[in-house]
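Here is the structure we will look at, set down as structure tokens.
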Amino acid sequence: MKTRKVAIIGLGHVGAHVAYTLCNQGTVDELVLIDKDEKKLASEVQDLRDCIAYMPYPVKISAGDFPDLKDCDVAVNAIGKVALLETLDRLTELNFTIPGVKSYIDKINDSGFNGIFINITNPCDLVTYTFAKGLKLPKGHIFGTGTGLDTSRLISALAIQTGIAHNSINGYMMGEHGAKQFTPWSAVTFNGMPLDTWEKKDDRFKFDRDAFTKAAIGGGWVTFSGKKCTEYGIAATAARMVEAVLRDEKVILPASIGLEGQWGESDLFVGVPCLIGKDGVEEIVEIPLTEEELAKFHECCDGVRKNMEYLKDL
């Protein structure tokens with residue numbers, strides 16, 4: 001039986017929690033941790049090894065470097081620097097993250113890595129785009145968490161509002177992983193029945209939709225304001241994507257992926273519903289949008305394209 005081997009690049013708050021979540025869920029057989037801070041790397045390896053006896057399955061934990069990516073099935077990029085403390089603007093992270101990822105893109109290529117590459121690092125859409133331009137991997141094998149966490153936040157809020165279990169709710173946040181994303185409410189369903197239909201017969205489904213979208217976008221700042229980082233939600237999002245790949249689930253999840261004409265947009269990475277399996281993003285699920293929703297999507301894409309101009313100087 002093939003060993004399921006995953007690498008985590010960057011062991012800050014998020015990277016370390018992704019590693020822990022993968023171990024705790026029994027998703028992987030072997031986990032390789034990579035970080036330029038050798039003391040931090042050693043401490044995370046030891047801490048994870050200390051908890052393995054109480055995990056559901058044995059996991060081999062090791063400290064590694066980029067050459068160790070060669071036989072990994074999945075690599076998760078989670079490097080970062082909490083620059084938001086001063087600016088509260090994800091774009092300021094570009095000054096660190098883009099030079100950072102460019103410094104080791106060649107190392108990843110040189111390793112012979114031929115698996116699925118998932119990016120968490122912010123600004124997610126722009127960083128994932130940078131990886132896609134630099135890594136020698138097939139289409140669909142590079143994608144980002146994108147609006148995945150924001151979608152989880154929306155669905156959790158809808159579950160609380162309606163009393164319907166979260167796994168019976170289908171819906172997505174789409175567009176930029178940032179302030180310009182939006183909710184295509186026409187596509188939100190509860191166990192197959194559209195929200196618009198539920199709203200006509202049950203007062204639980206009559207709520208301020210704009211307020212829910214705003215809360216889904218701003219929820220990350222609520223988390224950040226109290227502890228100056230986000231951890232559990234994004235770690236669970238990334239771990240869910242890793243699981244979908246390793247188990248070849250063919251599950252539809254939101255991810256940041258390059259568009260090639262879908263919804264009339266191309267040459268940029270944004271968060272959209274994707275079919276995820278062993279080959280990464282195997283299909284972009286082009287859900288129908290109303291005219292108003294399509295206009296919001298184009299507005300969002302225009303914002304991402306404007307932000308892409310910053311990449312030229314980095």
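So you can find residues: chains in the structure tokens are A, B, ... in the order shown, residues in each start at 1, and ligands are numbered from 1 in order.
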Give me the residues near Gly271 (chain A) as a PDB file with C-alpha atoms, in the first residue's frame, where near means some atom within 6 Å (using only C-alpha atoms) and where sequence neighbours in that chain fewer than 6 positions away do not count.
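Resulting contents of part_18.pdb:
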```pdb
ATOM      1  CA  GLY A 146      -8.772  31.025  -1.517  1.00  0.00           C
ATOM      2  CA  THR A 147     -12.310  31.646  -0.242  1.00  0.00           C
ATOM      3  CA  MET A 174     -16.515  33.604  -4.532  1.00  0.00           C
ATOM      4  CA  GLY A 175     -13.843  35.906  -5.910  1.00  0.00           C
ATOM      5  CA  PRO A 254     -13.961  26.523  -3.102  1.00  0.00           C
ATOM      6  CA  ALA A 255     -10.328  27.039  -4.115  1.00  0.00           C
ATOM      7  CA  SER A 256      -8.177  29.714  -5.711  1.00  0.00           C
TER       8      SER A 256
END
```
Please run DSSP on the backbone and report, as a VMD selection string, all residues within region 34-129 of chain A that come out as helix (DSSP H, G or I). chain A and resid 38 to 54 66 to 71 84 to 87 90 to 102 105 to 111 124 to 129
Give one line per residue of region 11-89 of chain A that approaches region 234-251 of chain A to at most 8 Å, naming the two atoms of the closest pair and their distance in Å to one decimal, counting only C-alpha atoms; sort by chain then ascending residue number and deliver it as CSV.
```
residue,atom,partner,partner_atom,distance
A:Val14,CA,A:Ala235,CA,5.8
A:Gly15,CA,A:Ala235,CA,7.3
A:His17,CA,A:Ala235,CA,5.6
A:Val18,CA,A:Ala235,CA,4.5
A:Thr21,CA,A:Ala239,CA,6.6
A:Leu22,CA,A:Ala239,CA,6.0
A:Thr27,CA,A:Glu243,CA,6.1
A:Asp73,CA,A:Leu246,CA,7.7
A:Val74,CA,A:Val242,CA,7.0
A:Val76,CA,A:Ala238,CA,7.9
```
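Using only C-alpha atoms for every distance, the candidate list A:Asn122, A:Val285, A:Arg305, A:Tyr104 yields A:Asn122 as the residue closest to Thr92 (chain A).
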Surrounding residues of Asn24 (chain A) excluding itself and chain neighbours under 4 positions, 7 Å, only C-alpha atoms, as a count of residues only: 3
Can you pull out every residue within 12 Å of Ala211 (chain A), counting only C-alpha atoms, but drop anything in the same chain fewer than 2 positions away, and send it as a PyMOL selection string? chain A and resi 154+157-158+182-183+207-209+213-219
Write the residues you've just listed into a file as a JSON list (two decimals), in the first residue's frame, and include all heavy atoms for each of them.
```json
[["chain", "number", "residue", "atom", "x", "y", "z"],
["A", 154, "LEU", "N", -19.32, 31.33, 6.41],
["A", 154, "LEU", "CA", -20.68, 31.60, 5.96],
["A", 154, "LEU", "C", -21.61, 30.45, 6.31],
["A", 154, "LEU", "O", -22.70, 30.65, 6.85],
["A", 154, "LEU", "CB", -20.69, 31.84, 4.45],
["A", 154, "LEU", "CG", -22.07, 32.01, 3.81],
["A", 154, "LEU", "CD1", -22.69, 33.35, 4.21],
["A", 154, "LEU", "CD2", -21.98, 31.90, 2.29],
["A", 157, "ALA", "N", -22.43, 30.18, 9.97],
["A", 157, "ALA", "CA", -23.40, 31.19, 10.37],
["A", 157, "ALA", "C", -24.81, 30.82, 9.91],
["A", 157, "ALA", "O", -25.78, 31.01, 10.64],
["A", 157, "ALA", "CB", -23.00, 32.55, 9.80],
["A", 158, "LEU", "N", -24.92, 30.26, 8.71],
["A", 158, "LEU", "CA", -26.24, 29.85, 8.21],
["A", 158, "LEU", "C", -26.79, 28.68, 9.02],
["A", 158, "LEU", "O", -28.00, 28.59, 9.25],
["A", 158, "LEU", "CB", -26.13, 29.46, 6.74],
["A", 158, "LEU", "CG", -25.87, 30.60, 5.75],
["A", 158, "LEU", "CD1", -25.67, 30.05, 4.34],
["A", 158, "LEU", "CD2", -27.03, 31.60, 5.76],
["A", 182, "PHE", "N", -17.82, 37.90, -2.67],
["A", 182, "PHE", "CA", -19.27, 38.03, -2.54],
["A", 182, "PHE", "C", -19.90, 36.65, -2.40],
["A", 182, "PHE", "O", -19.26, 35.62, -2.62],
["A", 182, "PHE", "CB", -19.86, 38.76, -3.75],
["A", 182, "PHE", "CG", -19.89, 37.92, -5.00],
["A", 182, "PHE", "CD1", -21.05, 37.32, -5.44],
["A", 182, "PHE", "CD2", -18.72, 37.71, -5.74],
["A", 182, "PHE", "CE1", -21.07, 36.53, -6.58],
["A", 182, "PHE", "CE2", -18.73, 36.93, -6.89],
["A", 182, "PHE", "CZ", -19.91, 36.34, -7.30],
["A", 183, "THR", "N", -21.17, 36.64, -2.01],
["A", 183, "THR", "CA", -21.93, 35.39, -1.90],
["A", 183, "THR", "C", -22.91, 35.29, -3.06],
["A", 183, "THR", "O", -23.78, 36.15, -3.19],
["A", 183, "THR", "CB", -22.74, 35.35, -0.59],
["A", 183, "THR", "OG1", -21.92, 35.68, 0.51],
["A", 183, "THR", "CG2", -23.38, 33.97, -0.40],
["A", 207, "PHE", "N", -33.52, 36.63, 6.35],
["A", 207, "PHE", "CA", -32.49, 37.37, 7.09],
["A", 207, "PHE", "C", -31.78, 38.32, 6.14],
["A", 207, "PHE", "O", -31.95, 38.25, 4.91],
["A", 207, "PHE", "CB", -31.49, 36.41, 7.74],
["A", 207, "PHE", "CG", -30.91, 35.38, 6.79],
["A", 207, "PHE", "CD1", -29.87, 35.71, 5.93],
["A", 207, "PHE", "CD2", -31.42, 34.09, 6.76],
["A", 207, "PHE", "CE1", -29.33, 34.77, 5.07],
["A", 207, "PHE", "CE2", -30.90, 33.14, 5.89],
["A", 207, "PHE", "CZ", -29.85, 33.47, 5.05],
["A", 208, "ASP", "N", -31.01, 39.20, 6.69],
["A", 208, "ASP", "CA", -30.27, 40.20, 5.92],
["A", 208, "ASP", "C", -29.07, 39.51, 5.26],
["A", 208, "ASP", "O", -28.05, 39.25, 5.91],
["A", 208, "ASP", "CB", -29.81, 41.33, 6.85],
["A", 208, "ASP", "CG", -29.14, 42.48, 6.10],
["A", 208, "ASP", "OD1", -28.65, 42.25, 4.97],
["A", 208, "ASP", "OD2", -29.08, 43.59, 6.66],
["A", 209, "ARG", "N", -29.18, 39.22, 4.00],
["A", 209, "ARG", "CA", -28.13, 38.48, 3.30],
["A", 209, "ARG", "C", -26.83, 39.29, 3.22],
["A", 209, "ARG", "O", -25.74, 38.73, 3.33],
["A", 209, "ARG", "CB", -28.61, 38.08, 1.90],
["A", 209, "ARG", "CG", -29.81, 37.15, 1.93],
["A", 209, "ARG", "CD", -30.22, 36.71, 0.53],
["A", 209, "ARG", "NE", -31.42, 35.88, 0.57],
["A", 209, "ARG", "CZ", -31.94, 35.28, -0.50],
["A", 209, "ARG", "NH1", -31.35, 35.43, -1.70],
["A", 209, "ARG", "NH2", -33.04, 34.55, -0.38],
["A", 213, "THR", "N", -22.99, 38.17, 4.40],
["A", 213, "THR", "CA", -21.80, 38.26, 3.56],
["A", 213, "THR", "C", -20.73, 39.12, 4.23],
["A", 213, "THR", "O", -19.55, 38.75, 4.27],
["A", 213, "THR", "CB", -22.16, 38.87, 2.19],
["A", 213, "THR", "OG1", -23.05, 37.98, 1.50],
["A", 213, "THR", "CG2", -20.90, 39.07, 1.34],
["A", 214, "LYS", "N", -21.15, 40.24, 4.77],
["A", 214, "LYS", "CA", -20.21, 41.14, 5.44],
["A", 214, "LYS", "C", -19.55, 40.43, 6.62],
["A", 214, "LYS", "O", -18.34, 40.57, 6.85],
["A", 214, "LYS", "CB", -20.94, 42.39, 5.91],
["A", 214, "LYS", "CG", -20.03, 43.44, 6.53],
["A", 214, "LYS", "CD", -20.81, 44.70, 6.90],
["A", 214, "LYS", "CE", -19.89, 45.74, 7.52],
["A", 214, "LYS", "NZ", -20.66, 46.97, 7.88],
["A", 215, "ALA", "N", -20.33, 39.65, 7.37],
["A", 215, "ALA", "CA", -19.77, 38.93, 8.53],
["A", 215, "ALA", "C", -18.79, 37.85, 8.09],
["A", 215, "ALA", "O", -17.77, 37.61, 8.75],
["A", 215, "ALA", "CB", -20.91, 38.32, 9.34],
["A", 216, "ALA", "N", -19.09, 37.19, 6.96],
["A", 216, "ALA", "CA", -18.18, 36.16, 6.45],
["A", 216, "ALA", "C", -16.85, 36.78, 6.02],
["A", 216, "ALA", "O", -15.79, 36.19, 6.23],
["A", 216, "ALA", "CB", -18.83, 35.43, 5.28],
["A", 217, "ILE", "N", -16.91, 37.96, 5.42],
["A", 217, "ILE", "CA", -15.69, 38.65, 5.00],
["A", 217, "ILE", "C", -14.90, 39.15, 6.20],
["A", 217, "ILE", "O", -13.67, 39.03, 6.28],
["A", 217, "ILE", "CB", -16.03, 39.83, 4.06],
["A", 217, "ILE", "CG1", -16.65, 39.31, 2.76],
["A", 217, "ILE", "CG2", -14.78, 40.66, 3.77],
["A", 217, "ILE", "CD1", -17.20, 40.40, 1.87],
["A", 218, "GLY", "N", -15.62, 39.72, 7.16],
["A", 218, "GLY", "CA", -14.96, 40.37, 8.29],
["A", 218, "GLY", "C", -14.63, 39.46, 9.46],
["A", 218, "GLY", "O", -13.93, 39.88, 10.39],
["A", 219, "GLY", "N", -15.11, 38.22, 9.42],
["A", 219, "GLY", "CA", -14.89, 37.33, 10.55],
["A", 219, "GLY", "C", -13.44, 37.07, 10.85],
["A", 219, "GLY", "O", -13.04, 36.89, 12.01]]
```
Could you find all residues in region 113-240 of chain A that DSSP calls strand (DSSP E) from the backbone, and write them as a VMD selection string? chain A and resid 116 to 119 142 to 144 169 to 170 189 to 190 193 to 194
Atomic distance CA of Gly280 (chain A) - CA of Ile142 (chain A), expressed in Å with one decimal: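 Those two atoms sit 7.2 Å apart.
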Near Leu33 (chain A), counting only C-alpha atoms, which residues have an atom at most 6 Å away, once you skip same-chain residues fewer than 5 positions from it, shown as a PyMOL selection string? chain A and resi 7-8+63-64
Residue with the minimum atom-to-atom distance to Glu293 (chain A), picked from A:Met308, A:Pro184, A:Asp68, A:Ile169 with only C-alpha atoms counted, is A:Pro184
Among A:Glu286, A:Asp35, A:Asp29, A:Asp279, Asp65 (chain A) is approached most closely, using only C-alpha atoms, by A:Asp35
Which of these residues is nearest to Asp125 (chain A), using only C-alpha atoms: A:Gly80, A:Gly112, A:Gly144, A:Gly26?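 The answer is A:Gly144, which sits nearest to Asp125 (chain A).
Proximity to Val188 (chain A) at 10 Å, evaluated using only C-alpha atoms and with sequence-adjacent residues fewer than 5 positions away removed, yields Ile155, Ile169, Asn170, Gly171, Tyr172, Thr183, Met193, Pro194, Leu195 and Asp196 of chain A.
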